[in-house]
Every structure is written in C-alpha cells, then in structure tokens.
Number of protein chains: 4
Amino acid sequence: MTFAIGVDIGGTKIAAGLVSEAGEIIEAASEPTPDDATKIPRIVADLVDRLTGDEKPVGVGIGAAGFVGEDRATVRFAPNIAWAEEPLAEHVRAFVDLPIVVENDANAAAWGEFRFGAGEDTDDLLLITLGTGIGGGIVHRGRLFRGGFGVAAEIGHMRVVPDGILCGCGQHGCYEQYGSGSALVRAARERVANDDPAAGAIARLADGDPGRITGPALTQLAREGDPLAVDLLMDLGRWVGEGAAVLATILDPSVIAIGGGVAAAGELLLTSVVEAFESHLPARAHRPEAALRLAALGNSAGIIGAADLARVDPV
Amino acid sequence: MTFAIGVDIGGTKIAAGLVSEAGEIIEAASEPTPDDATKIPRIVADLVDRLTGDEKPVGVGIGAAGFVGEDRATVRFAPNIAWAEEPLAEHVRAFVDLPIVVENDANAAAWGEFRFGAGEDTDDLLLITLGTGIGGGIVHRGRLFRGGFGVAAEIGHMRVVPDGILCGCGQHGCYEQYGSGSALVRAARERVANDDPAAGAIARLADGDPGRITGPALTQLAREGDPLAVDLLMDLGRWVGEGAAVLATILDPSVIAIGGGVAAAGELLLTSVVEAFESHLPARAHRPEAALRLAALGNSAGIIGAADLARVDPV
Amino acid sequence: MTFAIGVDIGGTKIAAGLVSEAGEIIEAASEPTPDDATKIPRIVADLVDRLTGDEKPVGVGIGAAGFVGEDRATVRFAPNIAWAEEPLAEHVRAFVDLPIVVENDANAAAWGEFRFGAGEDTDDLLLITLGTGIGGGIVHRGRLFRGGFGVAAEIGHMRVVPDGILCGCGQHGCYEQYGSGSALVRAARERVANDDPAAGAIARLADGDPGRITGPALTQLAREGDPLAVDLLMDLGRWVGEGAAVLATILDPSVIAIGGGVAAAGELLLTSVVEAFESHLPARAHRPEAALRLAALGNSAGIIGAADLARVDPV
Amino acid sequence: MTFAIGVDIGGTKIAAGLVSEAGEIIEAASEPTPDDATKIPRIVADLVDRLTGDEKPVGVGIGAAGFVGEDRATVRFAPNIAWAEEPLAEHVRAFVDLPIVVENDANAAAWGEFRFGAGEDTDDLLLITLGTGIGGGIVHRGRLFRGGFGVAAEIGHMRVVPDGILCGCGQHGCYEQYGSGSALVRAARERVANDDPAAGAIARLADGDPGRITGPALTQLAREGDPLAVDLLMDLGRWVGEGAAVLATILDPSVIAIGGGVAAAGELLLTSVVEAFESHLPARAHRPEAALRLAALGNSAGIIGAADLARVDPV
C-alpha cells in the first residue's frame with residue numbers, strides 16, 4: 001500500500017491529509033491561511049512533514065481555488081489569495097523533496113468523487129459544488145477535463161441571465177449569482193429587509209444583524225421545516241437544476257454530482273434540482289439522461305482527489 | 001496512401017466523398033435525401049460503390065444530424081429524418097463490406113477542422129457551426145469529446161435567455177434562437193413587417209414574399225454594405241460571441257472556429273463575434289484567451305471529418 | 001330610470017345588452033361576427049333595434065378589441081378584424097339615431113368594473129384581463145385613462161423579458177406571452193410533447209390532439225386537483241403577479257382587479273398572483289399596497305362598461 | 001403678476017427659487033442639505049424668507065425625492081434622507097405663513113416641463129429623468145398623474161430584466177440599474193477593471209482611482225469623440241429607449257421628454273434612445289407615436305414645477 005498527500009488551500013484554511021490508495025484519509029492536519037501569501041508554500045511543506053510517517057508518500061497533490069496553468073504547477077490567478085502567475089509547485093518543492101502536482105480545487109474534488117465517491121461507477125462525471133460560489137469539475141472517459149489552458153469547468157461564471165446580477169468576475173448574470181450559497185443568503189436578507197411577513201423565523205435568526213443569516217443557518221431552518229427557508233432553498237435548487245441542464249446539453253455527463261456546503265441540505269435541495277433539470281433538458285424524450293446525485297465525500301473530496309492526482313496522470 | 005469515404009446525411013442531400021489521408025476530397029458524389037428514411041442505407045451504399053475505385057477504402061464514416069449513440073453506430077433521434085434508434089451502421093453494412101462509423105454531423109465537422117482545417121495547430125478545438133440552427137463539436141487533447149451517452153456538444157440548445165424564444169426542441173431561450181441563420185432571417189422579416197424605414201433594401205429583396213428573405217441573401221446584402229443588413233449581422237455576431245464566451249468558460253478551448261453557412265459572411269461577422277466574446281469572458285485579464293477563427297473547410301468539413309473518423313479511433 | 005346599450009365586438013361574437021343606470025343588464029342579444037367587416041355596423045344597429053323597447057336608450061357604447069382613436073369614434077387598428085382607420089361610430093350612426101361612443105374593449109371593461117364591480121369602492125383601478133392575450137384598463141381619479149392618442153393601457157405588450165418569446169405584435173417578450181391563457185396552453189402542450197411523466201391527466205385530455213388542451217380545460221383540471229395543472233396555473237400566476245408589480249410601480253392603483261377567462265380559476269390563481277406581486281413590489285415596506293381582487297362582472301364587464309360610457313364623459 | 005416659491009430638496013443641496021407666473025426664476029438661493037433631517041424645515045423656511053421680497057408669494061411648492069402621500073403634505077419615505085411619514089408641510093408651516101404643497105421631485109419637474117418646457121404644446125407628457133437613478137413624472141390630460149396613494153411614476157424601479165442586477169430598493173432588474181448615470185459609470189469601470197484595450201481614455205481619466213470615472217466626465221469624453229465613451233452612451237440610450245417603449249405601451253403619452261444630468265449628452269444620447277424606442281414599440285405601424293425630446297428646463301425644472309404646483313390644483 002502506498003500513500004499520497006492531498007492539500008486543499010482555501011481562503012481561510014489550508015487543510016491536508018495523508019491518503020491511501022483506496023482514497024481513505026489516514027491522518028489529517030490543517031493551518032489557517034496566512035494573510036501574507038508568500039508564506040503559504042512553507043505552511044504546505046510543514047503540513048506535509050507533519051503527515052509524513054515512516055513511509056515516504058509517493059507525491060503531494062495541491063488543490064487551490066483559482067486558475068491553474070496547463071503545467072499543473074502554476075497558479076495564474078486566485079480570487080481570494082494575492083497570487084499572480086505563482087509557481088506554487090516550485091516554491092513548495094524548495095522545502096519538500098516529492099513530486100508536486102497543482103490542480104484547481106473543484107477539479108481535484110471532481111477527481112476525488114470520480115475515483116472514490118459519487119462517480120465511482122461512471123467514466124463521465126460532472127461535479128457541481130455549491131458553496132460561497134459555484135465550482136465545477138469534469139471527468140470525461142475517465143480523464144480529467146482541463147481545457148486548452150488548464151482553466152476549464154469554471155461553471156460558476158457561465159452566464160445564465162443576460163444583463164443579470166453583477167458578479168465579482170466583472171461580468172453580469174453568472175450562474176453563481178443565482179445558485180450558490182451566497183445567492184441563498186442574499187435572497188433571505190432581501191426578504192427580511194422588505195419586512196416579508198413570512199420571514200419571521202429568518203428575522204429572529206438575524207436578530208437585527210443580517211450577518212447572522214448564513215447559508216448553514218438557512219439550511220438548518222429549512223430542515224426544521226420553516227416554510228420560507230424551504231421555499232428559498234427550492235428556488236435555489238431550481239436555478240441549480242436549470243444550469244445543470246445547460247451543462248448536460250454541452251457536456252452530456254452520465255452522472256452529475258452536487259457537492260459543496262449547500263449540498264448539506266440533502267434531498268430537500270436535490271428534489272428541486274432534479275425537477276428543474278428534467279423539465280429544462282432539450283429533446284428530453286429522445287436522449288438518455290444523466291443521473292443526479294449528492295456528492296459522497298463532503299469536504300474531503302478536494303484532499304482525496306488532490307492526493308490521487310499526485311499518483312496518476314489523469315489527463 | 002490509403003483512402004476512406006466520408007458521408008454527410010443532411011435533410012435535403014446525402015453528400016459523400018473519397019478522402020485521402022491528407023484530408024483531400026479526391027472524388028465527390030451526392031443524392032437527394034429520400035422522404036422514405038428506410039431507403040437511406042441503400043443510397044449510402046450506392047454512393048460508396050460509386051466512389052470506390054481500384055483501391056478498397058479503409059472504411060466509411062457517416063455524419064448525421066441528430067443524437068448518435070455511444071456505440072457510434074446507432075442514430076437515436078434525428079430532428080429532420082424519421083429515425084428512432086436506427087441501427088444505421090448495421091443497415092449500411094448489409095450492402096457494404098467495410099468498417100462503418102457513425103458520428104453526429106457537427107462532431108464530424110469539428111474533427112475535420114481539427115485534423116485538416118482551422119484547428120490543425122491545436123489539441124483543443126471548439127467548432128461552432130452557424131446554419132439553420134447551431135451545431136457544435138469539441139476536441140479535447142486531440143480526442144473527440146462525445147460525452148457519456150454520445151450526445152455532447154449540443155450547444156445550439158444551451159439556454160442563453162431564461163424564458164426566451166420558444167425552440168423546436170420544446171425549451172425556451174436556446175442559443176440557436178439567437179445566433180443562427182434562422183434568427184438572422186427572423187429579425188430581418190420582423191423589420192420588414194414593422195415597416196422599418198431602414199429596411200428598404202431587404203423589403204425590395206422580399207418583393208412581397210418574406211420567404212425570399214434568406215440567410216444567404218442577407219449575407220450578400222451585408223457584403224454590399226446595406227446598413228440594416230450589416231446591423232443585423234453584427235447583432236447576430238454579438239449573440240454568437242456572448243455564447244462563445246459561455247462555452248469558453250466551461251470548455252476552455254485554445255481555438256474556437258466559426259463555421260456553417262452564416263460564416264460565409266466572413267470578417268464582417270467575425271469582428272462582431274470577437275468583440276462580444278472578449279467583453280464577456282469572465283476574469284479576462286487573468287487567463288489566456290481562445291483564438292477565434294473562421295472555419296477552413298467550408299461545407300466539406302463533415303465529409304472530410306467523417307472519413308477520417310473511419311480511420312482513427314478518436315475518443 | 002334611463003337605459004343605455006352596450007356592445008362588445010369580439011373576434012367571434014358581437015354581444016350587446018340593454019343596461020340600466022345601476023349597471024344591470026336588462027336584456028341581452030348577440031350575433032356571430034361576420035367575416036366581412038363592412039357588415040358589422042349594420043349588425044350592431046340591428047342588435048340596438050332589437051334591444052330598444054318602449055323607452056329610447058340615451059346612447060350606445062361600443063367596445064372593440066384594438067386601438068381606438070382619441071375621438072372615441074374611430075378604430076385605428078384591430079388585431080382580429082380587417083379594419084384600418086374605421087369610422088365605426090359614423091357607420092353605425094347611419095342606421096341608428098343615437099349618440100355613439102367607441103372604446104377599447106378592455107378600457108370599457110375596466111370602466112364597468114370601476115362603476116359597478118371590483119372597483120366600486122375606489123377611484124384608482126387597474127383591470128388586468130387574462131384571456132387569449134392580456135388586456136388592461138386604467139381608471140385614475142375616477143376618470144378613464146386613455147392616453148395622448150387613445151391607445152393607453154396596452155399592458156399585454158409591455159416587455160417583461162428582453163429577447164423573450166416572439167409575440168404577434170412583432171416584438172419579443174410581451175407580458176401576454178407569459179401570463180395569458182395562451183401561455184398556459186403552450187406550457188401544457190410542451191409538457192405533453194416532452195412526455196413529462198407528470199402530464200398524464202393533461203395527455204389524456206389531449207387524447208392525441210393537442211388542440212384539445214385549452215385554457216378552460218386546464219383550469220378545470222386544476223380545480224380538480226391535478227398536480228401539474230395546479231403547478232402550471234401557479235407558474236402563470238407568478239408571471240401575472242410580477243407584471244402587476246411593474247404596473248403598480250408605474251401606475252400606483254388602489255385596486256388591481258384580475259378578470260378575463262383565466263380568472264375563472266379563482267382563488268387558486270389569485271393566491272399565486274398576490275404572492276408574486278408582494279414579493280416583487282419595490283420598497284414595499286415604505287408604501288401602501290394595492291388590493292388585488294378577482295374582477296366581479298365576468299364576461300359582461302365590457303357591455304356594462306360600454307353602456308355606461310355612453311352616458312358619462314369619463315375622461 | 002404673482003409669484004410662488006419652488007423648493008427642490010435633494011440629497012446634497014436644498015435649492016429654491018422665486019418663480020413668476022410665466023415659469024421664470026426671478027431669484028434663486030440654496031443651502032447644503034444637513035445631516036440632521038429635522039433641521040430641513042427650518043432651512044426651507046429661511047430660504048423662503050430670503051426669497052420673499054415686497055410682494056408676498058402665493059404659496060410654496062416643495063419637491064423631494066421619495067414617496068409623497070396623497071395628502072401632498074407628507075413624505076412617507078425618502079431614499080437619501082432619514083424621514084419616515086414626515087409631515088413636511090406642517091413642519092415648514094410652523095415657520096412660514098403660506099400655503100405649502102409637497103410633491104415628489106420628478107413629478108414636480110414633469111409639471112414644470114409640461115407648463116413651461118418640453119411639454120408646453122401637449123396635454124400628455126411623460127418625463128424621464130436620467131441621473132444617479134431614474135425618475136419619472138406623468139401628466140395626463142393636463143393633470144398630474146399621482147396614482148391612488150401618491151406614489152405613481154416610480155419608473156426607475158420598473159423591472160426590465162427578470163433576475164437582473166440587484167437594486168437598492170431590494171428588487172432585481174430595475175430600469176435604473178440599466179439606464180441611469182450610475183449604470184453608465186458602472187459599465188465604464190468594468191471596462192477599465194477588465195483592462196479593455198479600448199478603455200485607454202477612460203483609464204487615463206481614472207488615473208488609478210475608479211472614483212474619478214463619473215457620469216459628467218464620461219459624457220464629456222463622449223462629446224470629445226472617445227469611441228468607447230460614445231459606445232457606452234449609445235448602449236445606455238438603448239436601454240433608455242427600450243424602457244421608454246414599455247412606458248409608451250402603458251401610458252401612451254404624446255411627448256416623452258428626457259431630462260436629468262445624463263441628458264446633457266444631448267443629441268448623441270437622444271439618437272440612440274429614439275432608435276431603440278422606435279424599434280421596440282409594439283404594433284408600431286398602426287399607432288401614432290410619441291415625440292421624443294430633450295427636456296428644456298435643465299436643473300430648474302423641479303423648482304419651477306414645484307412653484308407652479310403651489311399655484312394650481314394639478315390633479
């Protein structure tokens with residue numbers, strides 16, 4: 001049995017794990033993401049050291065939010081970390097004598113789900129991760145779909161509404177403005193700000209501070225049956241499903257897995273996603289249809305996938 | 001030097017060609033598409049016979065508009081031909097003792113452009129064909145992207161406007177309702193019906209019969225400098241380019257080729273496509289950008305690509 | 001007690017009534033609309049004769065679908081009758097020695113509802129009629145709002161979706177493409193055409209002929225509790241309510257009445273209209289809100305309103 | 001000759017004028033708007049005193065941005081001033097012994113244009129003011145259209161894009177998010193942020209501080225012929241014109257006047273507005289068409305109109 005290390009660099013936390021060939025996390029460790037981005041390679045190296053036991057890992061896979069170059073070594077641009085054309089693999093290798101592979105975090109998660117999770121039984125998987133934004137990863141014929149420049153599957157920025165809501169990317173109407181956790185929170189806050197009489201439970205949650213209305217809190221309210229929270233989640237699911245139908249039209253995956261924090265809402269969300277997906281798939285009567293499922297690996301998908309990518313040549 | 005035969009089954013014509021290893025059509029032949037779809041395999045076989053000279057071809061590739069199964073042998077559904085789960089390869093093989101491969105027509109054209117045309121210098125091509133509808137084909141890492149069920153790249157039915165124009169596929173707001181030759185014709189006819197004073201030249205074209213306002217006629221008017229025809233073509237190009245930006249966000253191709261009959265408008269159209277593409281690409285400053293080009297093989301792309309697909313295993 | 005005659009000229013029927021000062025129809029009569037539009041004035045005159053008893057009416061009010069001139073005498077244009085700048089009042093007066101007033105049919109219905117129906121208690125009414133299309137009439141400060149050229153309140157052609165569904169008026173995205181009975185029927189037919197498994201009851205209704213899927217049949221199914229019919233009606237109500245919020249933003253009526261054939265769905269529809277209206281009204285917490293109600297006079301609103309308009313100077 | 005005083009309470013300045021019966025400002029005065037809204041009545045009174053000469057004015061008209069009650073005395077809500085159900089007329093009357101009338105600022109401006117400006121020759125005027133937001137005022141049959149609750153003509157919050165850009169009012173897709181000076185500025189800043197190569201002149205304007213990209217600066221650049229500034233202004237005009245077509249469909253004005261700061265762009269803007277208006281008017285061939293004009297009174301329209309409203313009963 002060999003082991004690899006997977007690292008997931010997020011905006012607030014750098015999480016890592018020692019991962020077996022079977023995709024199991026044997027040991028985990030994490031550190032806060034520093035404000036000074038130049039310290040990140042050192043922190044990654046420390047985490048690798050800490051997780052390395054008697055047996056030397058076969059490699060380190062690093063997932064990071066942002067555009068990763070076709071060299072699988074450079075982060076061109078990250079929305080939440082001050083990197084520009086950062087040679088991340090090289091900087092980590094200065095401290096760690098192991099093969100290093102860098103990948104977009106959602107791509108890594110998709111690979112993890114494909115190998116050990118919701119996509120284990122298929123060769124053609126689309127992962128949609130619903131968090132603060134929307135991320136995506138595509139596996140086609142058992143290979144990771146990276147695109148010509150390494151930045152494929154930025155599905156969160158697919159335009160779904162012409163002249164729609166302004167997005168942080170500079171464009172209008174991006175998918176993540178309608179189907180992410182942020183969209184859910186924004187809709188809830190609008191209801192409270194407008195004194196919607198149905199928003200009683202959500203307003204109590206806020207207790208005067210709209211900052212207390214968060215995705216997890218809303219998901220929890222929905223699970224407890226609050227009618228408006230359920231409605232908002234169903235509305236969100238409709239957008240997610242309609243976007244999934246666009247993606248299926250282009251990519252024709254066999255399985256679409258829904259992951260990310262919002263997916264914790266589980267079947268409540270999935271039902272609405274499936275309904276919208278099915279009613280918006282073109283020429284539906286004449287084509288096989290992707291199976292929609294909840295992702296299986298939760299927050300660990302990125303670590304597990306990144307570790308495995310250090311082991312195999314996925315493309 | 002070996003040869004293969006490529007066949008392109010369209011709604012009005014079945015066109016075929018004997019194609020060299022270098023992607024050249026050595027000899028061509030065609031027949032009208034019969035009303036009775038059961039006669040098609042026989043007609044294909046006759047065309048193959050007619051094109052077969054002294055040297056036996058290595059195989060026959062057939063491109064057809066519609067959903068082609070993952071077996072690359074069955075046409076699940078075709079919008080303009082009365083087929084349902086048609087075992088086309090088997091039916092042709094009853095008359096022809098050669099390997100037969102069936103592919104979606106736009107996929108075949110994309111393969112042709114990738115191997116011998118606008119995508120010769122890249123491994124990651126997206127072909128967008130603008131005709132009556134919009135078709136698409138994706139090549140990724142030098143392989144044809146067929147999807148999990150063989151029906152990937154149906155980009156003409158990507159939804160670009162929620163609750164938009166009703167499409168023949170049963171959905172609303174499909175890309176081809178905004179960016180195809182039909183959309184161009186519809187816009188021109190509306191202007192004439194509304195007695196737009198700028199529509200003089202187009203109205204003279206119609207001469208009382210809106211049926212005379214066709215895509216090629218409008219393209220011709222635009223080339224002659226008629227201001228409204230130019231405007232309509234630029235408007236069309238804007239939709240094409242904005243859709244191309246969505247596709248690039250998902251697929252990240254290195255090259256996007258614009259083909260199909262409308263592409264005959266050439267640079268006039270391309271300028272407008274490029275401008276809209278560039279201004280709608282998310283986070284544009286931080287990513288390499290696909291090169292947008294006119295397709296190179298014209299109407300023959302499908303035949304050339306289909307023939308080559310009979311030779312290689314593209315997936 | 002005096003009486004006036006109201007006439008409602010529709011695409012299939014010319015209906016008339018002798019109406020009391022209290023807005024009651026004392027006697028009614030009707031004739032089919034002839035194919036030859038030049039015969040209409042004579043038919044109107046015959047109906048007036050037939051309804052005239054011992055006491056001479058004070059005047060005749062005629063409601064007609066179309067653009068009526070600011071002279072309240074001419075029909076500029078009618079979508080379903082071959083009139084162009086038709087001097088309708090003059091043509092009827094050739095046979096009838098009574099004051100004649102012509103008004104747009106939805107304006108007449110709004111006036112009827114204002115005087116004797118859903119708007120009796122207000123001075124500021126908006127009537128939205130949901131039939132094959134969407135019509136509207138506005139009463140402001142107790143006066144009919146006719147606009148500068150007599151063609152105000154054509155709310156069915158207010159654009160609600162940029163680049164939306166093509167409308168018979170030559171534009172895209174008109175309100176009546178989303179909120180009318182035709183929109184309801186189109187949505188139901190799409191579901192059946194797409195073999196939606198939830199569309200069982202509607203498909204049985206059609207029994208192979210989509211022409212049998214009509215607004216009244218769908219409304220009836222919804223009342224019987226068919227889940228998809230209810231869903232489609234709720235979806236329709238959402239569009240109606242969102243459009244009503246736009247209209248309230250511009251017109252600020254005290255009461256909005258929902259009439260026309262689709263309003264027969266009653267509370268089922270109204271609930272959905274109200275919810276969408278309330279959640280889409282800008283700055284809702286800071287403004288009084290129009291009361292939304294079902295119209296009260298049914299099909300007779302046009303006749304009753306037209307008769308009353310012959311009596312009073314409404315503008 | 002009698003005189004009245006008009007006051008325009010804006011977010012940064014309270015401007016007042018002594019206005020003749022002929023709509024001429026004889027004398028003007030202004031003060032900054034205080035942070036403490038309770039001081040406003042006193043400041044208004046001081047301005048009235050300062051402007052009052054030998055002859056006592058016949059009354060004071062006050063225009064204020066916000067919802068004004070049907071009593072024409074109370075400000076229900078103002079977006080930029082901390083008022084809630086403020087009895088403004090009463091508070092001013094505590095210091096000033098004159099009849100006081102309060103009106104929404106855009107309504108007052110519309111009345112001014114109707115009486116002495118772009119609408120002098122018509123009875124049915126719509127004023128669209130393009131500033132930071134979009135305001136509107138409607139005159140119908142020579143009377144001000146105030147609606148049932150006094151809050152009509154809030155056209156800036158008419159929804160033009162479903163699920164569109166988030167507006168300060170809590171809704172999405174409001175007209176003022178697409179057609180106001182703020183929209184112009186936002187579009188320009190996006191181009192600079194995206195390093196659009198055409199944005200050279202605008203970037204130089206910003207000189208590193210996007211705050212320097214303002215509406216007046218962009219209008220000036222457009223007048224100097226900068227191609228991108230011209231383009232952005234034309235795009236803005238398109239939205240303005242398309243919205244004007246919706247408003248004309250509902251309101252059927254004889255004249256539509258375009259005012260507000262952005263209208264300083266003059267014919268450059270108007271051309272684009274007119275073109276979009278004409279091409280989006282439903283059934284255009286069959287109806288008279290509103291004349292589109294630039295407003296005539298500039299910044300003074302509100303003061304002139306408010307003064308006149310203190311003189312006449314406009315409703």
# chains A, B, ... in the order shown; residues from 1 in each chain; ligands from 1
>>> interface_residues(of="chain B", to="chain D", cutoff="10 Å", atoms="only C-alpha atoms", output="NGL selection string")
:B and (162-163 or 190-191 or 193-196 or 278-286)
>>> residues_around(residues="range 47-59 of chain A", least_positions_apart="6", cutoff="7 Å", atoms="only C-alpha atoms", output="list in words")
Thr2, Phe3, Ala4, Ile5, Ala16, Leu18, Glu27, Ala29, Leu98, Pro99, Ile100, Ala310 and Arg311 of chain A
>>> residues_around(residues="range 42-44 of chain D", least_positions_apart="4", cutoff="9 Å", atoms="only C-alpha atoms", output="PyMOL selection string")
chain D and resi 7+9+14-16+31+33-34+38+48-49+62+91-92+94-95
>>> write_last_selection(atoms="N, CA and C atoms", output="PDB file, in the first residue's frame")
ATOM      1  N   VAL D   7     -39.156  74.849  -4.167  1.00  0.00           N
ATOM      2  CA  VAL D   7     -38.005  74.338  -3.420  1.00  0.00           C
ATOM      3  C   VAL D   7     -37.733  72.910  -3.887  1.00  0.00           C
ATOM      4  N   ILE D   9     -35.610  69.691  -2.672  1.00  0.00           N
ATOM      5  CA  ILE D   9     -34.778  69.109  -1.607  1.00  0.00           C
ATOM      6  C   ILE D   9     -34.075  67.875  -2.140  1.00  0.00           C
ATOM      7  N   ILE D  14     -30.343  71.885  -0.946  1.00  0.00           N
ATOM      8  CA  ILE D  14     -31.716  72.365  -0.983  1.00  0.00           C
ATOM      9  C   ILE D  14     -31.715  73.642  -1.808  1.00  0.00           C
ATOM     10  N   ALA D  15     -32.354  73.590  -2.983  1.00  0.00           N
ATOM     11  CA  ALA D  15     -32.338  74.738  -3.887  1.00  0.00           C
ATOM     12  C   ALA D  15     -33.735  75.320  -3.961  1.00  0.00           C
ATOM     13  N   ALA D  16     -33.800  76.654  -4.023  1.00  0.00           N
ATOM     14  CA  ALA D  16     -35.103  77.301  -4.064  1.00  0.00           C
ATOM     15  C   ALA D  16     -35.069  78.454  -5.045  1.00  0.00           C
ATOM     16  N   GLU D  31     -28.964  76.042  -0.007  1.00  0.00           N
ATOM     17  CA  GLU D  31     -28.203  75.681   1.194  1.00  0.00           C
ATOM     18  C   GLU D  31     -27.858  74.192   1.089  1.00  0.00           C
ATOM     19  N   THR D  33     -27.803  70.363   2.169  1.00  0.00           N
ATOM     20  CA  THR D  33     -28.734  69.532   2.937  1.00  0.00           C
ATOM     21  C   THR D  33     -28.038  69.100   4.221  1.00  0.00           C
ATOM     22  N   PRO D  34     -28.636  69.357   5.399  1.00  0.00           N
ATOM     23  CA  PRO D  34     -27.964  68.993   6.661  1.00  0.00           C
ATOM     24  C   PRO D  34     -28.069  67.488   6.916  1.00  0.00           C
ATOM     25  N   THR D  38     -34.100  66.792  10.783  1.00  0.00           N
ATOM     26  CA  THR D  38     -35.093  67.620  11.491  1.00  0.00           C
ATOM     27  C   THR D  38     -34.836  69.113  11.266  1.00  0.00           C
ATOM     28  N   VAL D  48     -37.182  80.538   2.031  1.00  0.00           N
ATOM     29  CA  VAL D  48     -38.416  81.222   1.638  1.00  0.00           C
ATOM     30  C   VAL D  48     -38.355  82.692   2.062  1.00  0.00           C
ATOM     31  N   ASP D  49     -37.924  82.932   3.293  1.00  0.00           N
ATOM     32  CA  ASP D  49     -37.773  84.308   3.783  1.00  0.00           C
ATOM     33  C   ASP D  49     -36.838  85.108   2.891  1.00  0.00           C
ATOM     34  N   ILE D  62     -42.857  72.327  -2.676  1.00  0.00           N
ATOM     35  CA  ILE D  62     -41.615  71.650  -2.296  1.00  0.00           C
ATOM     36  C   ILE D  62     -41.530  70.312  -3.009  1.00  0.00           C
ATOM     37  N   HIS D  91     -44.465  70.945   9.219  1.00  0.00           N
ATOM     38  CA  HIS D  91     -43.235  71.411   9.846  1.00  0.00           C
ATOM     39  C   HIS D  91     -42.733  72.721   9.240  1.00  0.00           C
ATOM     40  N   VAL D  92     -42.899  72.876   7.929  1.00  0.00           N
ATOM     41  CA  VAL D  92     -42.478  74.139   7.311  1.00  0.00           C
ATOM     42  C   VAL D  92     -43.449  75.253   7.693  1.00  0.00           C
ATOM     43  N   ALA D  94     -44.880  75.744  10.323  1.00  0.00           N
ATOM     44  CA  ALA D  94     -44.593  76.269  11.657  1.00  0.00           C
ATOM     45  C   ALA D  94     -43.791  77.573  11.581  1.00  0.00           C
ATOM     46  N   PHE D  95     -43.039  77.717  10.469  1.00  0.00           N
ATOM     47  CA  PHE D  95     -42.192  78.917  10.316  1.00  0.00           C
ATOM     48  C   PHE D  95     -42.683  79.864   9.225  1.00  0.00           C
TER      49      PHE D  95
END
>>> residues_around(residues="Ile304 in chain D", least_positions_apart="6", cutoff="8 Å", atoms="only C-alpha atoms", output="JSON, numbers by chain")
{"D": [6, 17, 19, 23, 24, 25, 108, 109, 112]}
>>> write_last_selection(atoms="C-alpha atoms", output="PDB file, in the first residue's frame")
ATOM      1  CA  GLY D   6     -40.344  76.447  -5.530  1.00  0.00           C
ATOM      2  CA  GLY D  17     -36.342  79.979  -6.428  1.00  0.00           C
ATOM      3  CA  VAL D  19     -40.845  81.890  -9.772  1.00  0.00           C
ATOM      4  CA  GLY D  23     -42.277  79.996 -15.085  1.00  0.00           C
ATOM      5  CA  GLU D  24     -39.255  82.254 -14.836  1.00  0.00           C
ATOM      6  CA  ILE D  25     -36.912  82.072 -11.878  1.00  0.00           C
ATOM      7  CA  ALA D 108     -42.625  68.466  -9.882  1.00  0.00           C
ATOM      8  CA  ALA D 109     -40.088  68.504 -12.709  1.00  0.00           C
ATOM      9  CA  GLY D 112     -42.545  72.222 -14.817  1.00  0.00           C
TER      10      GLY D 112
END
>>> select_by_dssp(residues="range 116-269 of chain D", states="strand (DSSP E or B)", output="PyMOL selection string")
chain D and resi 125-130+134-140+143-144+159+164+166+172+174+255-259
>>> closest_residue(among="B:Cys169, B:Ser30, B:Val160, B:Asp121", to="Pro79 in chain B", atoms="only C-alpha atoms")
B:Cys169
>>> closest_residue(among="D:Asp105, D:Glu21, D:Asp71, D:Glu86", to="Ile40 in chain D", atoms="only C-alpha atoms")
D:Glu86
>>> atom_distance(atom1="CA of Phe67 in chain B", atom2="CA of Ala153 in chain B")
10.4 Å
>>> atom_distance(atom1="CA of Ala264 in chain B", atom2="CA of Ala198 in chain D")
27.7 Å
>>> atom_distance(atom1="CA of Pro314 in chain D", atom2="CA of Glu103 in chain D")
11.0 Å
>>> residues_around(residues="Asn104 in chain A", least_positions_apart="4", cutoff="7 Å", atoms="only C-alpha atoms", output="ChimeraX atom specification")
/A:63-68,108
>>> write_last_selection(atoms="N, CA and C atoms", output="short mmCIF file (atom, residue, chain, number, x, y, z; two decimals), in the first residue's frame")
data_model
loop_
_atom_site.label_atom_id
_atom_site.label_comp_id
_atom_site.auth_asym_id
_atom_site.auth_seq_id
_atom_site.Cartn_x
_atom_site.Cartn_y
_atom_site.Cartn_z
N GLY A 63 -4.71 21.27 -4.20
CA GLY A 63 -5.86 21.93 -4.83
C GLY A 63 -5.96 23.36 -4.36
N ALA A 64 -6.20 24.27 -5.29
CA ALA A 64 -6.32 25.68 -4.91
C ALA A 64 -7.41 26.33 -5.75
N ALA A 65 -8.20 27.19 -5.10
CA ALA A 65 -9.22 27.94 -5.84
C ALA A 65 -8.53 28.91 -6.77
N GLY A 66 -8.85 28.87 -8.05
CA GLY A 66 -8.24 29.79 -8.99
C GLY A 66 -7.94 29.13 -10.31
N PHE A 67 -7.28 29.88 -11.16
CA PHE A 67 -6.89 29.37 -12.46
C PHE A 67 -5.52 28.73 -12.33
N VAL A 68 -5.41 27.43 -12.63
CA VAL A 68 -4.14 26.71 -12.58
C VAL A 68 -3.65 26.50 -14.01
N ALA A 108 -9.99 18.98 -8.48
CA ALA A 108 -9.48 17.95 -7.56
C ALA A 108 -10.64 17.23 -6.88
#
>>> residues_around(residues="Ala73 in chain B", least_positions_apart="4", cutoff="6 Å", atoms="only C-alpha atoms", output="mmCIF file with C-alpha atoms, in the first residue's frame")
data_model
loop_
_atom_site.group_PDB
_atom_site.id
_atom_site.type_symbol
_atom_site.label_atom_id
_atom_site.label_comp_id
_atom_site.auth_asym_id
_atom_site.auth_seq_id
_atom_site.Cartn_x
_atom_site.Cartn_y
_atom_site.Cartn_z
ATOM 1 C CA ALA B 89 -24.153 1.203 -39.363
ATOM 2 C CA VAL B 101 -18.585 4.516 -38.135
ATOM 3 C CA VAL B 102 -21.480 6.905 -37.454
#
>>> closest_atom_pairs(of="range 108-148 of chain D", to="range 173-182 of chain D", cutoff="7 Å", atoms="only C-alpha atoms", output="tab-separated table")
residue	atom	partner	partner_atom	distance
D:Leu130	CA	D:Ser180	CA	5.2
D:Gly131	CA	D:Gly181	CA	5.3
D:Thr132	CA	D:Gly181	CA	5.1
D:Gly133	CA	D:Glu176	CA	5.2
D:Ile134	CA	D:Glu176	CA	5.1
>>> residues_around(residues="range 252-262 of chain D", least_positions_apart="4", cutoff="6 Å", atoms="only C-alpha atoms", output="ChimeraX atom specification")
/C:147-148,152 /D:124-131,248,290-295
>>> write_last_selection(atoms="C-alpha atoms", output="compact mmCIF listing (two decimals), in the first residue's frame")
# COMPACT_ATOMS: atom_id res chain seq x y z
CA GLY C 147 -53.50 58.37 -23.12
CA GLY C 148 -52.50 61.01 -25.61
CA ALA C 152 -53.04 53.65 -23.39
CA ASP D 124 -49.96 64.18 -22.21
CA LEU D 125 -46.35 64.20 -21.17
CA LEU D 126 -44.01 61.64 -19.74
CA LEU D 127 -40.77 62.95 -18.26
CA ILE D 128 -37.90 60.50 -17.79
CA THR D 129 -35.05 61.94 -15.72
CA LEU D 130 -31.69 60.21 -16.01
CA GLY D 131 -29.48 61.00 -13.05
CA ALA D 248 -45.44 54.27 -24.01
CA ALA D 290 -44.89 59.83 -29.05
CA ALA D 291 -42.39 62.57 -29.90
CA LEU D 292 -39.12 62.06 -28.01
CA ARG D 293 -37.36 65.26 -26.97
CA LEU D 294 -34.71 66.52 -24.64
CA ALA D 295 -36.16 68.28 -21.59
